[in-house]
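File shown here: run-v2.tsv, holding TSV, C-alpha atoms.
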chain	number	residue	atom	x	y	z
I	1	MET	CA	53.03	49.55	-37.74
I	2	ALA	CA	50.01	50.79	-39.67
I	3	ASP	CA	50.38	52.97	-42.78
I	4	THR	CA	51.07	56.69	-42.74
I	5	PRO	CA	47.73	58.51	-42.41
I	6	PHE	CA	46.15	59.86	-45.60
I	7	ILE	CA	45.54	63.54	-44.97
I	8	ILE	CA	43.01	65.60	-46.90
I	9	GLN	CA	43.42	69.36	-46.59
I	10	GLU	CA	40.51	71.81	-46.89
I	11	HIS	CA	41.58	73.17	-50.32
I	12	GLN	CA	42.11	69.66	-51.70
I	13	PHE	CA	38.71	68.56	-50.42
I	14	GLN	CA	37.09	71.53	-52.17
I	15	ARG	CA	38.88	70.64	-55.42
I	16	ILE	CA	37.65	67.05	-55.18
I	17	LYS	CA	34.12	68.26	-54.50
I	18	GLY	CA	34.39	70.55	-57.53
I	19	ILE	CA	35.45	67.69	-59.81
I	20	LEU	CA	32.69	65.41	-58.48
I	21	ALA	CA	30.08	68.16	-58.98
I	22	ARG	CA	31.19	68.58	-62.60
I	23	VAL	CA	31.22	64.82	-63.27
I	24	CYS	CA	27.75	64.58	-61.77
I	25	VAL	CA	26.38	67.21	-64.14
I	26	GLU	CA	28.29	65.94	-67.21
I	27	CYS	CA	27.12	62.35	-66.63
I	28	ALA	CA	23.56	63.43	-65.80
I	29	ALA	CA	24.12	61.25	-62.76
I	30	ARG	CA	22.18	61.00	-59.53
I	31	ALA	CA	25.32	61.01	-57.38
I	32	VAL	CA	29.08	60.63	-57.66
I	33	PHE	CA	31.40	59.30	-54.95
I	34	LEU	CA	35.15	59.15	-54.52
I	35	VAL	CA	36.07	56.20	-52.33
I	36	ASP	CA	39.39	54.80	-51.17
I	37	ARG	CA	40.05	51.21	-52.29
I	38	ASP	CA	40.21	50.17	-48.64
I	39	GLY	CA	36.62	51.34	-48.14
I	40	GLN	CA	36.98	54.83	-46.69
I	41	PRO	CA	34.65	57.44	-48.22
I	42	ILE	CA	36.58	60.51	-49.41
I	43	ALA	CA	33.87	62.78	-50.86
I	44	PHE	CA	30.56	62.71	-52.68
I	45	HIS	CA	28.21	64.98	-54.60
I	46	GLY	CA	24.59	64.70	-55.70
I	47	ASP	CA	21.26	63.40	-54.58
I	48	ILE	CA	21.97	60.83	-51.89
I	49	GLY	CA	18.67	61.08	-50.02
I	50	ASP	CA	19.00	59.03	-46.83
I	51	MET	CA	21.60	56.68	-48.33
I	52	ASP	CA	24.17	55.39	-45.84
I	53	THR	CA	27.24	56.71	-47.66
I	54	THR	CA	29.73	55.05	-45.28
I	55	SER	CA	28.28	51.59	-45.89
I	56	PHE	CA	28.01	52.35	-49.61
I	57	ALA	CA	31.73	53.19	-49.74
I	58	SER	CA	32.67	50.04	-47.86
I	59	LEU	CA	30.59	47.82	-50.12
I	60	ALA	CA	31.90	49.50	-53.30
I	61	ALA	CA	35.46	48.82	-52.14
I	62	GLY	CA	34.59	45.23	-51.23
I	63	ASN	CA	33.00	44.78	-54.62
I	64	VAL	CA	36.07	46.03	-56.50
I	65	ALA	CA	38.42	44.06	-54.24
I	66	ALA	CA	36.53	40.86	-55.04
I	67	THR	CA	36.36	41.48	-58.80
I	68	SER	CA	40.05	42.49	-58.91
I	69	SER	CA	40.97	39.20	-57.27
I	70	MET	CA	38.77	37.38	-59.78
I	71	ALA	CA	40.60	39.24	-62.58
I	72	LYS	CA	43.94	37.95	-61.32
I	73	LEU	CA	42.61	34.39	-61.20
I	74	ILE	CA	41.80	34.52	-64.91
I	75	GLY	CA	45.08	36.20	-65.83
I	76	GLU	CA	43.93	39.84	-65.98
I	77	ASP	CA	45.82	42.39	-63.92
I	78	VAL	CA	42.75	44.36	-62.94
I	79	PHE	CA	39.24	45.17	-64.18
I	80	PRO	CA	39.49	48.93	-64.65
I	81	ALA	CA	35.72	49.35	-64.30
I	82	VAL	CA	32.81	47.51	-62.74
I	83	VAL	CA	29.21	48.03	-63.86
I	84	HIS	CA	25.95	47.05	-62.20
I	85	GLU	CA	22.82	47.70	-64.23
I	86	GLY	CA	19.49	47.77	-62.44
I	87	GLU	CA	15.98	48.26	-63.71
I	88	HIS	CA	15.97	51.94	-62.74
I	89	GLU	CA	19.28	52.71	-61.01
I	90	SER	CA	22.76	51.67	-62.11
I	91	ILE	CA	26.27	51.96	-60.76
I	92	TYR	CA	29.50	52.51	-62.67
I	93	ILE	CA	32.76	52.15	-60.73
I	94	SER	CA	36.02	53.31	-62.29
I	95	VAL	CA	39.27	52.25	-60.62
I	96	ILE	CA	41.71	55.16	-60.38
I	97	GLY	CA	44.94	54.08	-58.67
I	98	ARG	CA	44.12	53.48	-55.04
I	99	SER	CA	40.70	55.13	-55.34
I	100	LEU	CA	37.33	54.47	-56.93
I	101	LEU	CA	35.13	56.94	-58.78
I	102	VAL	CA	31.59	55.68	-58.32
I	103	VAL	CA	28.75	57.07	-60.45
I	104	VAL	CA	25.11	56.32	-59.56
I	105	PHE	CA	22.79	57.05	-62.47
I	106	ASP	CA	19.23	56.32	-63.63
I	107	GLU	CA	17.23	56.37	-66.89
I	108	ARG	CA	18.10	60.03	-67.47
I	109	SER	CA	21.64	58.94	-68.43
I	110	THR	CA	23.31	56.09	-70.30
I	111	LEU	CA	26.25	53.81	-69.57
I	112	GLY	CA	28.08	55.08	-72.67
I	113	LEU	CA	27.81	58.70	-71.59
I	114	VAL	CA	28.95	57.88	-68.06
I	115	LYS	CA	31.94	55.91	-69.36
I	116	ILE	CA	33.14	58.70	-71.65
I	117	ARG	CA	32.69	61.53	-69.18
I	118	THR	CA	34.19	59.57	-66.29
I	119	LYS	CA	37.26	58.67	-68.32
I	120	ARG	CA	37.92	62.34	-68.96
I	121	ALA	CA	37.72	63.20	-65.27
I	122	SER	CA	39.82	60.21	-64.22
I	123	HIS	CA	43.15	61.84	-65.12
I	124	GLU	CA	42.27	64.92	-63.12
I	125	VAL	CA	41.26	62.82	-60.11
I	126	ALA	CA	44.41	60.69	-60.43
I	127	ASN	CA	46.65	63.77	-60.48
I	128	LEU	CA	44.93	65.27	-57.47
I	129	LEU	CA	45.15	62.00	-55.52
I	130	ASP	CA	48.85	61.70	-56.36
I	131	GLU	CA	49.40	65.20	-55.09
I	132	MET	CA	47.45	64.44	-51.90
I	133	SER	CA	49.38	61.23	-51.37
I	134	ARG	CA	52.73	63.01	-51.75
I	135	GLU	CA	51.71	65.85	-49.47
I	136	SER	CA	50.25	63.46	-46.89
I	137	ALA	CA	53.70	62.19	-46.00
I	138	VAL	CA	54.98	65.75	-45.51
I	139	GLN	CA	51.85	66.87	-43.67
I	140	ALA	CA	51.87	63.79	-41.46
I	141	ALA	CA	55.01	65.16	-39.83
I	142	ALA	CA	53.39	68.55	-39.30
I	143	SER	CA	50.11	67.13	-38.06
I	144	ASN	CA	52.03	65.03	-35.57
I	145	THR	CA	52.46	68.21	-33.61
I	146	PHE	CA	48.68	68.52	-33.50
I	147	PHE	CA	47.98	64.86	-32.73
I	148	SER	CA	50.81	64.61	-30.22
I	149	GLU	CA	48.78	67.03	-28.13
I	150	ILE	CA	46.06	64.38	-27.74
I	151	THR	CA	46.16	63.23	-24.13
I	152	ASP	CA	45.19	59.92	-22.54
I	153	GLU	CA	42.25	61.80	-21.01
I	154	ASP	CA	41.07	62.86	-24.50
I	155	ILE	CA	41.09	59.23	-25.62
I	156	ASP	CA	39.45	57.96	-22.41
I	157	SER	CA	36.71	60.58	-22.71
I	158	LEU	CA	35.59	58.95	-25.98
I	159	PHE	CA	34.51	55.90	-24.02
I	160	SER	CA	33.00	57.59	-21.00
D	1	MET	CA	45.23	53.48	-43.21
D	2	THR	CA	43.85	56.25	-41.06
D	3	PHE	CA	42.07	58.97	-43.03
D	4	ILE	CA	42.27	62.48	-41.65
D	5	ASN	CA	40.00	65.02	-43.32
D	6	TYR	CA	40.73	68.58	-42.25
D	7	ALA	CA	37.74	69.92	-44.20
D	8	SER	CA	35.12	67.80	-42.45
D	9	ARG	CA	37.36	67.46	-39.34
D	10	GLU	CA	37.10	63.68	-39.26
D	11	ILE	CA	39.44	60.85	-38.37
D	12	ASN	CA	38.46	57.49	-39.91
D	13	CYS	CA	40.12	54.26	-38.78
D	14	LYS	CA	39.64	50.61	-39.73
D	15	ILE	CA	39.48	47.81	-37.16
D	16	VAL	CA	39.23	44.16	-38.18
D	17	TYR	CA	37.89	41.32	-36.00
D	18	TYR	CA	39.73	38.11	-36.91
D	19	GLY	CA	39.44	34.54	-35.65
D	20	PRO	CA	38.35	30.98	-36.47
D	21	GLY	CA	34.87	30.08	-37.74
D	22	LEU	CA	32.04	30.45	-35.19
D	23	CYS	CA	34.29	32.13	-32.58
D	24	GLY	CA	31.91	35.07	-32.18
D	25	LYS	CA	33.28	37.87	-34.39
D	26	THR	CA	29.88	38.76	-35.81
D	27	THR	CA	28.35	38.45	-32.33
D	28	ASN	CA	30.82	41.08	-31.09
D	29	LEU	CA	29.71	43.47	-33.82
D	30	GLN	CA	26.04	42.65	-33.27
D	31	TYR	CA	26.36	43.43	-29.56
D	32	ILE	CA	28.13	46.74	-30.26
D	33	TYR	CA	25.44	47.59	-32.79
D	34	ASP	CA	22.57	46.72	-30.44
D	35	SER	CA	24.10	48.68	-27.54
D	36	THR	CA	25.00	51.86	-29.39
D	37	ALA	CA	22.82	54.96	-29.70
D	38	PRO	CA	21.34	55.31	-33.23
D	39	GLN	CA	23.12	58.64	-33.88
D	40	ALA	CA	26.53	57.04	-33.21
D	41	LYS	CA	26.28	54.20	-35.69
D	42	GLY	CA	25.52	53.43	-39.31
D	43	LYS	CA	23.91	50.29	-40.63
D	44	LEU	CA	25.29	46.87	-39.73
D	45	ILE	CA	26.00	45.34	-43.10
D	46	SER	CA	26.33	41.57	-43.10
D	47	LEU	CA	27.38	39.72	-46.24
D	48	ALA	CA	26.38	36.28	-45.03
D	49	THR	CA	25.29	32.94	-46.42
D	50	GLU	CA	21.72	31.69	-46.06
D	51	THR	CA	22.77	29.97	-42.86
D	52	ASP	CA	24.10	33.24	-41.41
D	53	ARG	CA	27.77	32.34	-41.76
D	54	THR	CA	29.86	35.34	-42.81
D	55	LEU	CA	30.55	35.04	-46.53
D	56	PHE	CA	32.64	38.14	-47.20
D	57	PHE	CA	32.51	40.54	-44.24
D	58	ASP	CA	30.34	42.31	-41.69
D	59	PHE	CA	30.71	46.03	-41.42
D	60	MET	CA	29.52	48.82	-39.17
D	61	PRO	CA	30.71	52.40	-38.79
D	62	LEU	CA	30.84	53.64	-35.21
D	63	GLU	CA	31.26	57.25	-34.17
D	64	LEU	CA	32.87	57.58	-30.78
D	65	GLY	CA	32.86	61.34	-30.29
D	66	THR	CA	35.39	64.11	-30.84
D	67	VAL	CA	39.06	64.40	-30.00
D	68	ARG	CA	40.41	67.96	-30.17
D	69	GLY	CA	37.59	68.94	-32.50
D	70	PHE	CA	37.97	65.92	-34.80
D	71	LYS	CA	35.10	63.44	-35.09
D	72	THR	CA	36.51	59.92	-34.64
D	73	ARG	CA	34.83	57.22	-36.67
D	74	PHE	CA	35.84	53.57	-36.45
D	75	HIS	CA	34.97	51.24	-39.30
D	76	LEU	CA	34.52	47.80	-37.75
D	77	TYR	CA	34.91	44.75	-40.00
D	78	THR	CA	34.81	41.02	-39.40
D	79	VAL	CA	36.39	38.44	-41.68
D	80	PRO	CA	34.84	35.10	-42.62
D	81	GLY	CA	36.38	32.54	-40.27
D	82	GLN	CA	36.09	29.41	-42.36
D	83	VAL	CA	39.43	28.21	-43.68
D	84	TYR	CA	38.50	28.25	-47.38
D	85	TYR	CA	37.61	31.99	-47.39
D	86	ASP	CA	41.26	33.02	-47.14
D	87	ALA	CA	41.18	35.22	-50.25
D	88	SER	CA	38.41	37.31	-48.67
D	89	ARG	CA	40.30	37.61	-45.38
D	90	LYS	CA	43.36	39.01	-47.18
D	91	LEU	CA	41.23	41.65	-48.93
D	92	ILE	CA	39.60	42.81	-45.72
D	93	LEU	CA	42.95	43.33	-43.99
D	94	LYS	CA	43.93	45.95	-46.58
D	95	GLY	CA	44.28	49.36	-44.94
D	96	VAL	CA	43.74	47.98	-41.43
D	97	ASP	CA	44.65	50.18	-38.45
D	98	GLY	CA	43.97	47.72	-35.63
D	99	VAL	CA	43.15	44.02	-35.19
D	100	VAL	CA	41.12	42.10	-32.60
D	101	PHE	CA	41.74	38.35	-32.52
D	102	VAL	CA	38.65	36.59	-31.17
D	103	ALA	CA	39.62	33.17	-29.81
D	104	ASP	CA	37.08	30.44	-29.10
D	105	SER	CA	37.82	29.25	-25.55
D	106	GLN	CA	36.37	25.77	-26.00
D	107	ASP	CA	38.92	22.93	-25.62
D	108	GLU	CA	38.16	21.45	-29.00
D	109	ARG	CA	38.77	24.78	-30.78
D	110	MET	CA	42.35	25.27	-29.63
D	111	ASP	CA	43.83	23.98	-32.89
D	112	ALA	CA	41.46	26.17	-34.90
D	113	ASN	CA	42.57	29.21	-32.85
D	114	ILE	CA	46.24	28.46	-33.44
D	115	GLU	CA	45.68	27.93	-37.16
D	116	SER	CA	43.69	31.13	-37.49
D	117	LEU	CA	46.26	33.17	-35.58
D	118	TYR	CA	49.02	31.81	-37.79
D	119	ASN	CA	46.87	32.69	-40.80
D	120	LEU	CA	46.45	36.25	-39.44
D	121	GLU	CA	50.20	36.70	-39.07
D	122	GLU	CA	50.75	35.41	-42.59
D	123	ASN	CA	48.02	37.53	-44.16
D	124	LEU	CA	49.16	40.66	-42.33
D	125	GLN	CA	52.66	40.09	-43.66
D	126	SER	CA	51.36	39.66	-47.19
D	127	GLN	CA	49.74	43.11	-46.86
D	128	GLY	CA	52.94	44.65	-45.51
D	129	TYR	CA	52.00	44.71	-41.82
D	130	ASP	CA	53.57	43.09	-38.79
D	131	LEU	CA	51.52	41.73	-35.90
D	132	ALA	CA	54.34	42.74	-33.56
D	133	THR	CA	53.83	46.43	-34.27
D	134	ILE	CA	50.19	46.86	-35.32
D	135	PRO	CA	47.57	47.80	-32.65
D	136	TYR	CA	46.30	44.42	-31.49
D	137	VAL	CA	44.04	42.90	-28.81
D	138	LEU	CA	43.36	39.26	-27.90
D	139	GLN	CA	39.83	38.38	-26.82
D	140	LEU	CA	39.11	34.99	-25.22
D	141	ASN	CA	35.45	34.48	-26.02
D	142	LYS	CA	32.79	32.02	-24.83
D	143	ARG	CA	34.08	31.97	-21.24
D	144	ASP	CA	30.58	30.99	-20.04
D	145	LEU	CA	30.71	27.54	-21.65
D	146	PRO	CA	31.50	24.46	-19.51
D	147	ASN	CA	34.29	23.02	-21.65
D	148	VAL	CA	36.68	25.99	-21.78
D	149	THR	CA	40.47	25.86	-21.71
D	150	PRO	CA	41.94	27.67	-18.67
D	151	MET	CA	42.94	31.26	-19.43
D	152	GLU	CA	46.63	30.64	-18.60
D	153	GLU	CA	46.80	27.82	-21.12
D	154	LEU	CA	45.07	29.88	-23.80
D	155	THR	CA	47.32	32.87	-23.33
D	156	GLN	CA	50.39	30.65	-23.32
D	157	GLU	CA	49.41	29.39	-26.77
D	158	LEU	CA	47.95	32.55	-28.27
D	159	LEU	CA	49.75	35.52	-26.73
D	160	ARG	CA	52.04	37.06	-29.33
D	161	LYS	CA	53.41	40.13	-27.56
D	162	ASP	CA	52.28	42.18	-24.58
D	163	GLU	CA	48.84	42.71	-26.11
D	164	PRO	CA	45.83	43.36	-23.84
D	165	VAL	CA	43.80	40.20	-23.20
D	166	PHE	CA	40.09	40.16	-22.36
D	167	GLU	CA	37.82	37.35	-21.30
D	168	ALA	CA	34.47	37.70	-23.02
D	169	VAL	CA	30.99	36.35	-23.49
D	170	ALA	CA	29.99	38.16	-26.67
D	171	THR	CA	26.38	36.95	-26.52
D	172	THR	CA	25.81	38.87	-23.27
D	173	GLY	CA	28.30	41.65	-24.02
D	174	THR	CA	30.85	40.77	-21.33
D	175	GLY	CA	34.24	42.08	-22.43
D	176	VAL	CA	32.98	43.32	-25.81
D	177	PHE	CA	33.37	47.06	-25.19
D	178	ASP	CA	36.56	46.55	-23.14
D	179	THR	CA	38.06	44.86	-26.20
D	180	LEU	CA	36.92	47.61	-28.57
D	181	LYS	CA	38.13	50.33	-26.24
D	182	ALA	CA	41.57	48.72	-25.91
D	183	VAL	CA	42.14	48.44	-29.66
D	184	ALA	CA	40.69	51.91	-30.40
D	185	LYS	CA	42.96	53.41	-27.76
D	186	GLN	CA	46.00	51.77	-29.32
D	187	VAL	CA	45.03	53.07	-32.77
D	188	LEU	CA	44.68	56.63	-31.50
D	189	THR	CA	47.91	56.32	-29.54
D	190	GLU	CA	49.68	55.24	-32.75
D	191	LEU	CA	48.28	58.33	-34.45
D	192	ARG	CA	49.67	60.46	-31.65
D	193	LYS	CA	53.10	58.85	-32.01
D	194	GLY	CA	53.03	59.49	-35.76
Here is a file; write its structure as structure tokens.
Amino acid sequence: MADTPFIIQEHQFQRIKGILARVCVECAARAVFLVDRDGQPIAFHGDIGDMDTTSFASLAAGNVAATSSMAKLIGEDVFPAVVHEGEHESIYISVIGRSLLVVVFDERSTLGLVKIRTKRASHEVANLLDEMSRESAVQAAASNTFFSEITDEDIDSLFS
Amino acid sequence: MTFINYASREINCKIVYYGPGLCGKTTNLQYIYDSTAPQAKGKLISLATETDRTLFFDFMPLELGTVRGFKTRFHLYTVPGQVYYDASRKLILKGVDGVVFVADSQDERMDANIESLYNLEENLQSQGYDLATIPYVLQLNKRDLPNVTPMEELTQELLRKDEPVFEAVATTGTGVFDTLKAVAKQVLTELRKG
């Protein structure tokens, strides 16, 4: 049996977007993403241009998964943050429970600023994710009513 | 873990293609990618070695359409098949909603199939899943080659429950979409069951 679905309600999504928008401004970042540790994108804010956000989320999660396993091999429990510094663009990934806060920034910002501002937002994101996780279990039961209405024909039509 | 976003009205699911080295997992994804309309797919990301062997994973997002007003997006992953990449395989199974086991039908790969399937069961268990209950499809690939094991013999060795079984030739696309459809259908049916 797979896990219980993770359900994001409209008001929670707007709150996440609000936090990401604020982090983006405070960090003078190009874009900020919230990604599940299994690679599912949750929300983003900022200048993404034609970036493939789904692939970006998957690779960010893969990156953290690999470095977390490396941490365990050297006796660390987890690396709470992962940084990639480029010539013009850089990425800062902060691990928050089962999610990742990913900040993409350029020369207009600094790693120090991003670290400080992200840390402050992390608690808020963690609390919201906890709340969403708790409510998901309750909502899963309610949404079953909705999803139980899906018919075989609905599913077959996806492949027609 | 299926993600349901009521704000963007999206359902996101994760499907993993598993199997021994060189069985055709990446070829399955490549065929799906090549045969899908541009608006329905994202990039095909391949983290491969210089000799095109999968190093970490291949990934492509695929949008199938809407169910009751919800966009359904499947995130397709492959694992590296080579035995010594086991740590990577474990990571990729995290949050999985459905698994396709791609078996190599050639006689000489039977042991590799059995070992890989055993490894799948073990790695699923270590992530808290059970092959007996997770959406699962068995694909018998490379059926066009001359030295293949008969289907009955393969299923006798590799069948784990009453999972759907498909004969395939991933290079030409035979059985590729039937396999994907079968696992996607099971994932959505699970969602319906709750």
Would you mind listing, for every residue of chain I within 9 Å of chain D, the two atoms forming the shortest contact and the distance between them in Å to one decimal, using all atoms listed in the file, sorted by chain and ascending residue number, as JSON lines?
{"residue": "I:Met1", "atom": "CA", "partner": "D:Ile134", "partner_atom": "CA", "distance": 4.6}
{"residue": "I:Ala2", "atom": "CA", "partner": "D:Asp97", "partner_atom": "CA", "distance": 5.5}
{"residue": "I:Asp3", "atom": "CA", "partner": "D:Met1", "partner_atom": "CA", "distance": 5.2}
{"residue": "I:Thr4", "atom": "CA", "partner": "D:Met1", "partner_atom": "CA", "distance": 6.7}
{"residue": "I:Pro5", "atom": "CA", "partner": "D:Thr2", "partner_atom": "CA", "distance": 4.7}
{"residue": "I:Phe6", "atom": "CA", "partner": "D:Phe3", "partner_atom": "CA", "distance": 4.9}
{"residue": "I:Ile7", "atom": "CA", "partner": "D:Ile4", "partner_atom": "CA", "distance": 4.8}
{"residue": "I:Ile8", "atom": "CA", "partner": "D:Asn5", "partner_atom": "CA", "distance": 4.7}
{"residue": "I:Gln9", "atom": "CA", "partner": "D:Tyr6", "partner_atom": "CA", "distance": 5.2}
{"residue": "I:Glu10", "atom": "CA", "partner": "D:Ala7", "partner_atom": "CA", "distance": 4.3}
{"residue": "I:His11", "atom": "CA", "partner": "D:Ala7", "partner_atom": "CA", "distance": 7.9}
{"residue": "I:Gln12", "atom": "CA", "partner": "D:Ala7", "partner_atom": "CA", "distance": 8.7}
{"residue": "I:Phe13", "atom": "CA", "partner": "D:Ala7", "partner_atom": "CA", "distance": 6.4}
{"residue": "I:Gln14", "atom": "CA", "partner": "D:Ala7", "partner_atom": "CA", "distance": 8.2}
{"residue": "I:Arg37", "atom": "CA", "partner": "D:Lys94", "partner_atom": "CA", "distance": 8.7}
{"residue": "I:Asp38", "atom": "CA", "partner": "D:Gly95", "partner_atom": "CA", "distance": 5.6}
{"residue": "I:Gly39", "atom": "CA", "partner": "D:Gly95", "partner_atom": "CA", "distance": 8.5}
{"residue": "I:Gln40", "atom": "CA", "partner": "D:Asn12", "partner_atom": "CA", "distance": 7.4}
{"residue": "I:Ile42", "atom": "CA", "partner": "D:Asn5", "partner_atom": "CA", "distance": 8.3}
{"residue": "I:Asp52", "atom": "CA", "partner": "D:Gly42", "partner_atom": "CA", "distance": 7.0}
{"residue": "I:Thr54", "atom": "CA", "partner": "D:Pro61", "partner_atom": "CA", "distance": 7.1}
{"residue": "I:Ser55", "atom": "CA", "partner": "D:Lys43", "partner_atom": "CA", "distance": 7.0}
{"residue": "I:Ser58", "atom": "CA", "partner": "D:Phe59", "partner_atom": "CA", "distance": 7.8}
{"residue": "I:Leu59", "atom": "CA", "partner": "D:Ile45", "partner_atom": "CA", "distance": 8.7}
{"residue": "I:Gly62", "atom": "CA", "partner": "D:Ile92", "partner_atom": "CA", "distance": 7.8}
{"residue": "I:Ala65", "atom": "CA", "partner": "D:Leu91", "partner_atom": "CA", "distance": 6.5}
{"residue": "I:Ala66", "atom": "CA", "partner": "D:Ser88", "partner_atom": "CA", "distance": 7.5}
{"residue": "I:Ser69", "atom": "CA", "partner": "D:Ala87", "partner_atom": "CA", "distance": 8.1}
{"residue": "I:Ala140", "atom": "CA", "partner": "D:Gly194", "partner_atom": "CA", "distance": 7.2}
{"residue": "I:Ala141", "atom": "CA", "partner": "D:Gly194", "partner_atom": "CA", "distance": 7.3}
{"residue": "I:Ser143", "atom": "CA", "partner": "D:Gly194", "partner_atom": "CA", "distance": 8.5}
{"residue": "I:Asn144", "atom": "CA", "partner": "D:Gly194", "partner_atom": "CA", "distance": 5.6}
{"residue": "I:Thr145", "atom": "CA", "partner": "D:Arg192", "partner_atom": "CA", "distance": 8.5}
{"residue": "I:Phe146", "atom": "CA", "partner": "D:Arg192", "partner_atom": "CA", "distance": 8.3}
{"residue": "I:Phe147", "atom": "CA", "partner": "D:Arg192", "partner_atom": "CA", "distance": 4.8}
{"residue": "I:Ser148", "atom": "CA", "partner": "D:Arg192", "partner_atom": "CA", "distance": 4.5}
{"residue": "I:Glu149", "atom": "CA", "partner": "D:Arg192", "partner_atom": "CA", "distance": 7.5}
{"residue": "I:Ile150", "atom": "CA", "partner": "D:Arg192", "partner_atom": "CA", "distance": 6.6}
{"residue": "I:Thr151", "atom": "CA", "partner": "D:Arg192", "partner_atom": "CA", "distance": 8.7}
{"residue": "I:Asp152", "atom": "CA", "partner": "D:Thr189", "partner_atom": "CA", "distance": 8.3}
{"residue": "I:Asp154", "atom": "CA", "partner": "D:Val67", "partner_atom": "CA", "distance": 6.1}
{"residue": "I:Ile155", "atom": "CA", "partner": "D:Lys185", "partner_atom": "CA", "distance": 6.5}
{"residue": "I:Asp156", "atom": "CA", "partner": "D:Lys185", "partner_atom": "CA", "distance": 7.9}
{"residue": "I:Ser157", "atom": "CA", "partner": "D:Gly65", "partner_atom": "CA", "distance": 8.5}
{"residue": "I:Leu158", "atom": "CA", "partner": "D:Gly65", "partner_atom": "CA", "distance": 5.6}
{"residue": "I:Phe159", "atom": "CA", "partner": "D:Lys181", "partner_atom": "CA", "distance": 7.0}
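Atom pair atom CA of Thr110 of chain I / atom CA of Arg30 of chain I has a distance of 11.9 Å (rounded to one decimal).
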Discussion item. Quick one: residues within 12 Å of Val104 of chain I, all atoms listed in the file, excluding same-chain residues fewer than 2 positions away - as a VMD selection string?
Written reply: chain I and resid 20 23 to 25 27 to 34 44 to 48 51 56 60 83 to 86 88 to 94 101 to 102 106 to 111 114 to 115 118
Worksheet item: Which polymer residues, protein or nucleic acid, are no farther than 12 Å from (44.0, 36.1, -45.5), counting only C-alpha atoms, as an NGL selection string?
Response: :D and (16 or 18-20 or 56 or 79-94 or 115-127)
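As for atom CA of Ile15 of chain D and atom CA of Val176 of chain D, they are spaced 13.8 Å apart.
Counting from atom CA of Leu76 of chain D, the distance to atom CA of Leu29 of chain D is 7.6 Å.
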Item to complete: List every protein, DNA or RNA residue with an atom no more than 6 Å from (35.9, 24.6, -24.6) in the file's coordinates, counting all atoms listed in the file, and format the result as a ChimeraX atom specification.
Response: /D:105-108,147-149
Discussion item. My list of candidates is D:Leu62, D:Gln156, D:Asp52, D:Gly24. Which is closest to Gln39 of chain D when distances are computed with all atoms listed in the file?
Written reply: D:Leu62
